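**Q** Structure file my_file32.pdb (PDB, N, CA and C atoms) right here:
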```
ATOM      1  N   MET A   1     -33.553 -63.089-120.283  1.00  0.00           N
ATOM      2  CA  MET A   1     -32.673 -63.254-119.145  1.00  0.00           C
ATOM      3  C   MET A   1     -31.289 -63.645-119.645  1.00  0.00           C
ATOM      4  N   THR A   2     -30.274 -62.991-119.157  1.00  0.00           N
ATOM      5  CA  THR A   2     -28.893 -63.264-119.539  1.00  0.00           C
ATOM      6  C   THR A   2     -28.356 -64.415-118.715  1.00  0.00           C
ATOM      7  N   GLN A   3     -27.656 -65.310-119.397  1.00  0.00           N
ATOM      8  CA  GLN A   3     -27.059 -66.454-118.721  1.00  0.00           C
ATOM      9  C   GLN A   3     -25.545 -66.335-118.796  1.00  0.00           C
ATOM     10  N   ASN A   4     -24.880 -66.362-117.646  1.00  0.00           N
ATOM     11  CA  ASN A   4     -23.417 -66.308-117.608  1.00  0.00           C
ATOM     12  C   ASN A   4     -22.875 -67.721-117.631  1.00  0.00           C
ATOM     13  N   LEU A   5     -21.907 -67.942-118.490  1.00  0.00           N
ATOM     14  CA  LEU A   5     -21.307 -69.256-118.619  1.00  0.00           C
ATOM     15  C   LEU A   5     -19.819 -69.184-118.379  1.00  0.00           C
ATOM     16  N   GLU A   6     -19.275 -70.223-117.798  1.00  0.00           N
ATOM     17  CA  GLU A   6     -17.830 -70.350-117.637  1.00  0.00           C
ATOM     18  C   GLU A   6     -17.305 -70.923-118.943  1.00  0.00           C
ATOM     19  N   ALA A   7     -16.526 -70.146-119.683  1.00  0.00           N
ATOM     20  CA  ALA A   7     -16.079 -70.540-121.018  1.00  0.00           C
ATOM     21  C   ALA A   7     -15.373 -71.885-121.031  1.00  0.00           C
ATOM     22  N   SER A   8     -14.610 -72.172-120.005  1.00  0.00           N
ATOM     23  CA  SER A   8     -13.876 -73.438-119.983  1.00  0.00           C
ATOM     24  C   SER A   8     -14.788 -74.638-119.759  1.00  0.00           C
ATOM     25  N   GLN A   9     -16.036 -74.365-119.394  1.00  0.00           N
ATOM     26  CA  GLN A   9     -16.973 -75.450-119.115  1.00  0.00           C
ATOM     27  C   GLN A   9     -18.025 -75.632-120.208  1.00  0.00           C
ATOM     28  N   VAL A  10     -17.980 -74.817-121.257  1.00  0.00           N
ATOM     29  CA  VAL A  10     -18.987 -74.876-122.316  1.00  0.00           C
ATOM     30  C   VAL A  10     -18.630 -75.990-123.294  1.00  0.00           C
ATOM     31  N   SER A  11     -19.602 -76.836-123.561  1.00  0.00           N
ATOM     32  CA  SER A  11     -19.388 -77.938-124.504  1.00  0.00           C
ATOM     33  C   SER A  11     -19.988 -77.579-125.859  1.00  0.00           C
ATOM     34  N   LEU A  12     -19.665 -78.381-126.845  1.00  0.00           N
ATOM     35  CA  LEU A  12     -20.238 -78.184-128.171  1.00  0.00           C
ATOM     36  C   LEU A  12     -21.757 -78.333-128.120  1.00  0.00           C
ATOM     37  N   ASN A  13     -22.230 -79.261-127.332  1.00  0.00           N
ATOM     38  CA  ASN A  13     -23.679 -79.427-127.181  1.00  0.00           C
ATOM     39  C   ASN A  13     -24.316 -78.189-126.559  1.00  0.00           C
ATOM     40  N   ASP A  14     -23.625 -77.546-125.613  1.00  0.00           N
ATOM     41  CA  ASP A  14     -24.128 -76.295-125.026  1.00  0.00           C
ATOM     42  C   ASP A  14     -24.258 -75.219-126.102  1.00  0.00           C
ATOM     43  N   VAL A  15     -23.247 -75.106-126.956  1.00  0.00           N
ATOM     44  CA  VAL A  15     -23.275 -74.118-128.037  1.00  0.00           C
ATOM     45  C   VAL A  15     -24.459 -74.390-128.957  1.00  0.00           C
ATOM     46  N   ARG A  16     -24.623 -75.616-129.336  1.00  0.00           N
ATOM     47  CA  ARG A  16     -25.760 -75.972-130.217  1.00  0.00           C
ATOM     48  C   ARG A  16     -27.090 -75.616-129.567  1.00  0.00           C
ATOM     49  N   ARG A  17     -27.220 -75.957-128.283  1.00  0.00           N
ATOM     50  CA  ARG A  17     -28.468 -75.691-127.574  1.00  0.00           C
ATOM     51  C   ARG A  17     -28.714 -74.196-127.436  1.00  0.00           C
ATOM     52  N   LEU A  18     -27.696 -73.444-127.011  1.00  0.00           N
ATOM     53  CA  LEU A  18     -27.860 -72.014-126.774  1.00  0.00           C
ATOM     54  C   LEU A  18     -28.108 -71.229-128.060  1.00  0.00           C
ATOM     55  N   LEU A  19     -27.484 -71.667-129.150  1.00  0.00           N
ATOM     56  CA  LEU A  19     -27.681 -70.989-130.436  1.00  0.00           C
ATOM     57  C   LEU A  19     -28.823 -71.592-131.246  1.00  0.00           C
ATOM     58  N   LYS A  20     -29.468 -72.603-130.642  1.00  0.00           N
ATOM     59  CA  LYS A  20     -30.598 -73.286-131.284  1.00  0.00           C
ATOM     60  C   LYS A  20     -30.209 -73.849-132.645  1.00  0.00           C
ATOM     61  N   LEU A  21     -29.035 -74.472-132.677  1.00  0.00           N
ATOM     62  CA  LEU A  21     -28.556 -75.111-133.892  1.00  0.00           C
ATOM     63  C   LEU A  21     -29.013 -76.558-133.903  1.00  0.00           C
ATOM     64  N   GLU A  22     -29.383 -77.035-135.055  1.00  0.00           N
ATOM     65  CA  GLU A  22     -29.778 -78.422-135.189  1.00  0.00           C
ATOM     66  C   GLU A  22     -28.664 -79.192-135.874  1.00  0.00           C
ATOM     67  N   GLU A  23     -28.293 -80.312-135.284  1.00  0.00           N
ATOM     68  CA  GLU A  23     -27.255 -81.144-135.878  1.00  0.00           C
ATOM     69  C   GLU A  23     -27.895 -81.978-136.984  1.00  0.00           C
ATOM     70  N   ARG A  24     -27.309 -81.881-138.157  1.00  0.00           N
ATOM     71  CA  ARG A  24     -27.792 -82.661-139.292  1.00  0.00           C
ATOM     72  C   ARG A  24     -26.697 -83.624-139.701  1.00  0.00           C
ATOM     73  N   GLU A  25     -27.092 -84.793-140.073  1.00  0.00           N
ATOM     74  CA  GLU A  25     -26.116 -85.803-140.454  1.00  0.00           C
ATOM     75  C   GLU A  25     -25.295 -85.332-141.648  1.00  0.00           C
ATOM     76  N   GLY A  26     -23.991 -85.493-141.534  1.00  0.00           N
ATOM     77  CA  GLY A  26     -23.092 -85.120-142.622  1.00  0.00           C
ATOM     78  C   GLY A  26     -22.652 -83.672-142.597  1.00  0.00           C
ATOM     79  N   ASP A  27     -23.303 -82.833-141.801  1.00  0.00           N
ATOM     80  CA  ASP A  27     -22.914 -81.423-141.714  1.00  0.00           C
ATOM     81  C   ASP A  27     -21.861 -81.246-140.633  1.00  0.00           C
ATOM     82  N   ALA A  28     -21.018 -80.297-140.838  1.00  0.00           N
ATOM     83  CA  ALA A  28     -20.008 -79.962-139.840  1.00  0.00           C
ATOM     84  C   ALA A  28     -19.826 -78.461-139.831  1.00  0.00           C
ATOM     85  N   PHE A  29     -19.366 -77.930-138.692  1.00  0.00           N
ATOM     86  CA  PHE A  29     -19.135 -76.493-138.617  1.00  0.00           C
ATOM     87  C   PHE A  29     -18.110 -76.054-139.650  1.00  0.00           C
ATOM     88  N   THR A  30     -17.182 -76.925-139.986  1.00  0.00           N
ATOM     89  CA  THR A  30     -16.160 -76.555-140.948  1.00  0.00           C
ATOM     90  C   THR A  30     -16.741 -76.314-142.334  1.00  0.00           C
ATOM     91  N   ASP A  31     -17.947 -76.816-142.585  1.00  0.00           N
ATOM     92  CA  ASP A  31     -18.605 -76.530-143.856  1.00  0.00           C
ATOM     93  C   ASP A  31     -19.009 -75.058-143.961  1.00  0.00           C
ATOM     94  N   PHE A  32     -19.138 -74.391-142.811  1.00  0.00           N
ATOM     95  CA  PHE A  32     -19.621 -73.010-142.786  1.00  0.00           C
ATOM     96  C   PHE A  32     -18.533 -71.996-142.486  1.00  0.00           C
ATOM     97  N   PHE A  33     -17.474 -72.432-141.832  1.00  0.00           N
ATOM     98  CA  PHE A  33     -16.421 -71.518-141.421  1.00  0.00           C
ATOM     99  C   PHE A  33     -15.083 -72.001-141.963  1.00  0.00           C
ATOM    100  N   SER A  34     -14.327 -71.085-142.487  1.00  0.00           N
ATOM    101  CA  SER A  34     -12.973 -71.446-142.895  1.00  0.00           C
ATOM    102  C   SER A  34     -12.009 -70.461-142.242  1.00  0.00           C
ATOM    103  N   LEU A  35     -10.860 -70.957-141.882  1.00  0.00           N
ATOM    104  CA  LEU A  35      -9.846 -70.123-141.248  1.00  0.00           C
ATOM    105  C   LEU A  35      -8.623 -70.052-142.141  1.00  0.00           C
ATOM    106  N   GLU A  36      -8.150 -68.861-142.319  1.00  0.00           N
ATOM    107  CA  GLU A  36      -6.924 -68.666-143.078  1.00  0.00           C
ATOM    108  C   GLU A  36      -5.739 -68.984-142.168  1.00  0.00           C
ATOM    109  N   PRO A  37      -4.635 -69.408-142.718  1.00  0.00           N
ATOM    110  CA  PRO A  37      -3.446 -69.648-141.882  1.00  0.00           C
ATOM    111  C   PRO A  37      -3.016 -68.355-141.185  1.00  0.00           C
ATOM    112  N   LEU A  38      -2.486 -68.503-139.978  1.00  0.00           N
ATOM    113  CA  LEU A  38      -2.040 -67.339-139.214  1.00  0.00           C
ATOM    114  C   LEU A  38      -0.695 -66.834-139.723  1.00  0.00           C
ATOM    115  N   SER A  39      -0.547 -65.527-139.688  1.00  0.00           N
ATOM    116  CA  SER A  39       0.754 -64.939-140.019  1.00  0.00           C
ATOM    117  C   SER A  39       1.670 -65.109-138.808  1.00  0.00           C
ATOM    118  N   GLU A  40       2.954 -64.883-138.995  1.00  0.00           N
ATOM    119  CA  GLU A  40       3.907 -64.990-137.887  1.00  0.00           C
ATOM    120  C   GLU A  40       3.571 -63.993-136.780  1.00  0.00           C
ATOM    121  N   LEU A  41       3.163 -62.789-137.162  1.00  0.00           N
ATOM    122  CA  LEU A  41       2.787 -61.777-136.174  1.00  0.00           C
ATOM    123  C   LEU A  41       1.579 -62.250-135.358  1.00  0.00           C
ATOM    124  N   GLU A  42       0.585 -62.807-136.020  1.00  0.00           N
ATOM    125  CA  GLU A  42      -0.602 -63.305-135.315  1.00  0.00           C
ATOM    126  C   GLU A  42      -0.241 -64.451-134.371  1.00  0.00           C
ATOM    127  N   LYS A  43       0.659 -65.332-134.805  1.00  0.00           N
ATOM    128  CA  LYS A  43       1.105 -66.424-133.939  1.00  0.00           C
ATOM    129  C   LYS A  43       1.793 -65.881-132.691  1.00  0.00           C
ATOM    130  N   GLN A  44       2.624 -64.859-132.870  1.00  0.00           N
ATOM    131  CA  GLN A  44       3.320 -64.250-131.733  1.00  0.00           C
ATOM    132  C   GLN A  44       2.333 -63.600-130.772  1.00  0.00           C
ATOM    133  N   GLU A  45       1.311 -62.938-131.325  1.00  0.00           N
ATOM    134  CA  GLU A  45       0.298 -62.293-130.485  1.00  0.00           C
ATOM    135  C   GLU A  45      -0.472 -63.329-129.670  1.00  0.00           C
ATOM    136  N   ILE A  46      -0.816 -64.449-130.286  1.00  0.00           N
ATOM    137  CA  ILE A  46      -1.538 -65.510-129.584  1.00  0.00           C
ATOM    138  C   ILE A  46      -0.674 -66.108-128.483  1.00  0.00           C
ATOM    139  N   LEU A  47       0.594 -66.316-128.755  1.00  0.00           N
ATOM    140  CA  LEU A  47       1.492 -66.833-127.729  1.00  0.00           C
ATOM    141  C   LEU A  47       1.610 -65.876-126.553  1.00  0.00           C
ATOM    142  N   LYS A  48       1.644 -64.575-126.835  1.00  0.00           N
ATOM    143  CA  LYS A  48       1.713 -63.572-125.758  1.00  0.00           C
ATOM    144  C   LYS A  48       0.433 -63.600-124.927  1.00  0.00           C
ATOM    145  N   ILE A  49      -0.714 -63.697-125.586  1.00  0.00           N
ATOM    146  CA  ILE A  49      -1.992 -63.769-124.861  1.00  0.00           C
ATOM    147  C   ILE A  49      -2.023 -65.021-123.993  1.00  0.00           C
ATOM    148  N   ARG A  50      -1.577 -66.140-124.547  1.00  0.00           N
ATOM    149  CA  ARG A  50      -1.563 -67.395-123.786  1.00  0.00           C
ATOM    150  C   ARG A  50      -0.662 -67.251-122.551  1.00  0.00           C
ATOM    151  N   THR A  51       0.479 -66.617-122.716  1.00  0.00           N
ATOM    152  CA  THR A  51       1.405 -66.435-121.596  1.00  0.00           C
ATOM    153  C   THR A  51       0.803 -65.506-120.550  1.00  0.00           C
ATOM    154  N   ASP A  52       0.144 -64.445-120.992  1.00  0.00           N
ATOM    155  CA  ASP A  52      -0.440 -63.474-120.061  1.00  0.00           C
ATOM    156  C   ASP A  52      -1.576 -64.064-119.255  1.00  0.00           C
ATOM    157  N   PHE A  53      -2.315 -64.995-119.848  1.00  0.00           N
ATOM    158  CA  PHE A  53      -3.485 -65.542-119.163  1.00  0.00           C
ATOM    159  C   PHE A  53      -3.246 -66.970-118.777  1.00  0.00           C
TER     160      PHE A  53
END
```
Could you write out this file's structure as structure tokens?
**A**
Amino acid sequence: MTQNLEASQVSLNDVRRLLKLEEREGDAFTDFFSLEPLSELEKQEILKIRTDF
């Protein structure tokens, strides 16, 4: 069964529950994901999206 969620209402605990993630002491999501710095073009695109929505 598909569950529709309001993105602005989803908490970190909801994400953990829905993805069946277990919180372990000392672990953080940043241990698994790294983000590269945004280029100027990417920053401009994000600002445009923010303005549009």
**Q** Just asking: which residues within chain A are helix (DSSP H, G or I) according to DSSP, as a VMD selection string?
**A** chain A and resid 7 to 9 12 to 18 29 to 31 40 to 52
**Q** To one decimal in Å, tell me the separation between CA of Gln3 (chain A) and CA of Leu18 (chain A).
**A**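 Separating CA of Gln3 (chain A) from CA of Leu18 (chain A) is a distance of 9.8 Å.
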**Q** Enter the distance from CA of Gln44 (chain A) to CA of Val10 (chain A), in Å, rounded to one decimal.
**A**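 Distance reported for this atom pair: 26.4 Å.
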**Q** Go ahead and compute the interatomic distance for CA of Phe53 (chain A) and atom N of Ser8 (chain A), in Å to one decimal.
**A** 13.0 Å
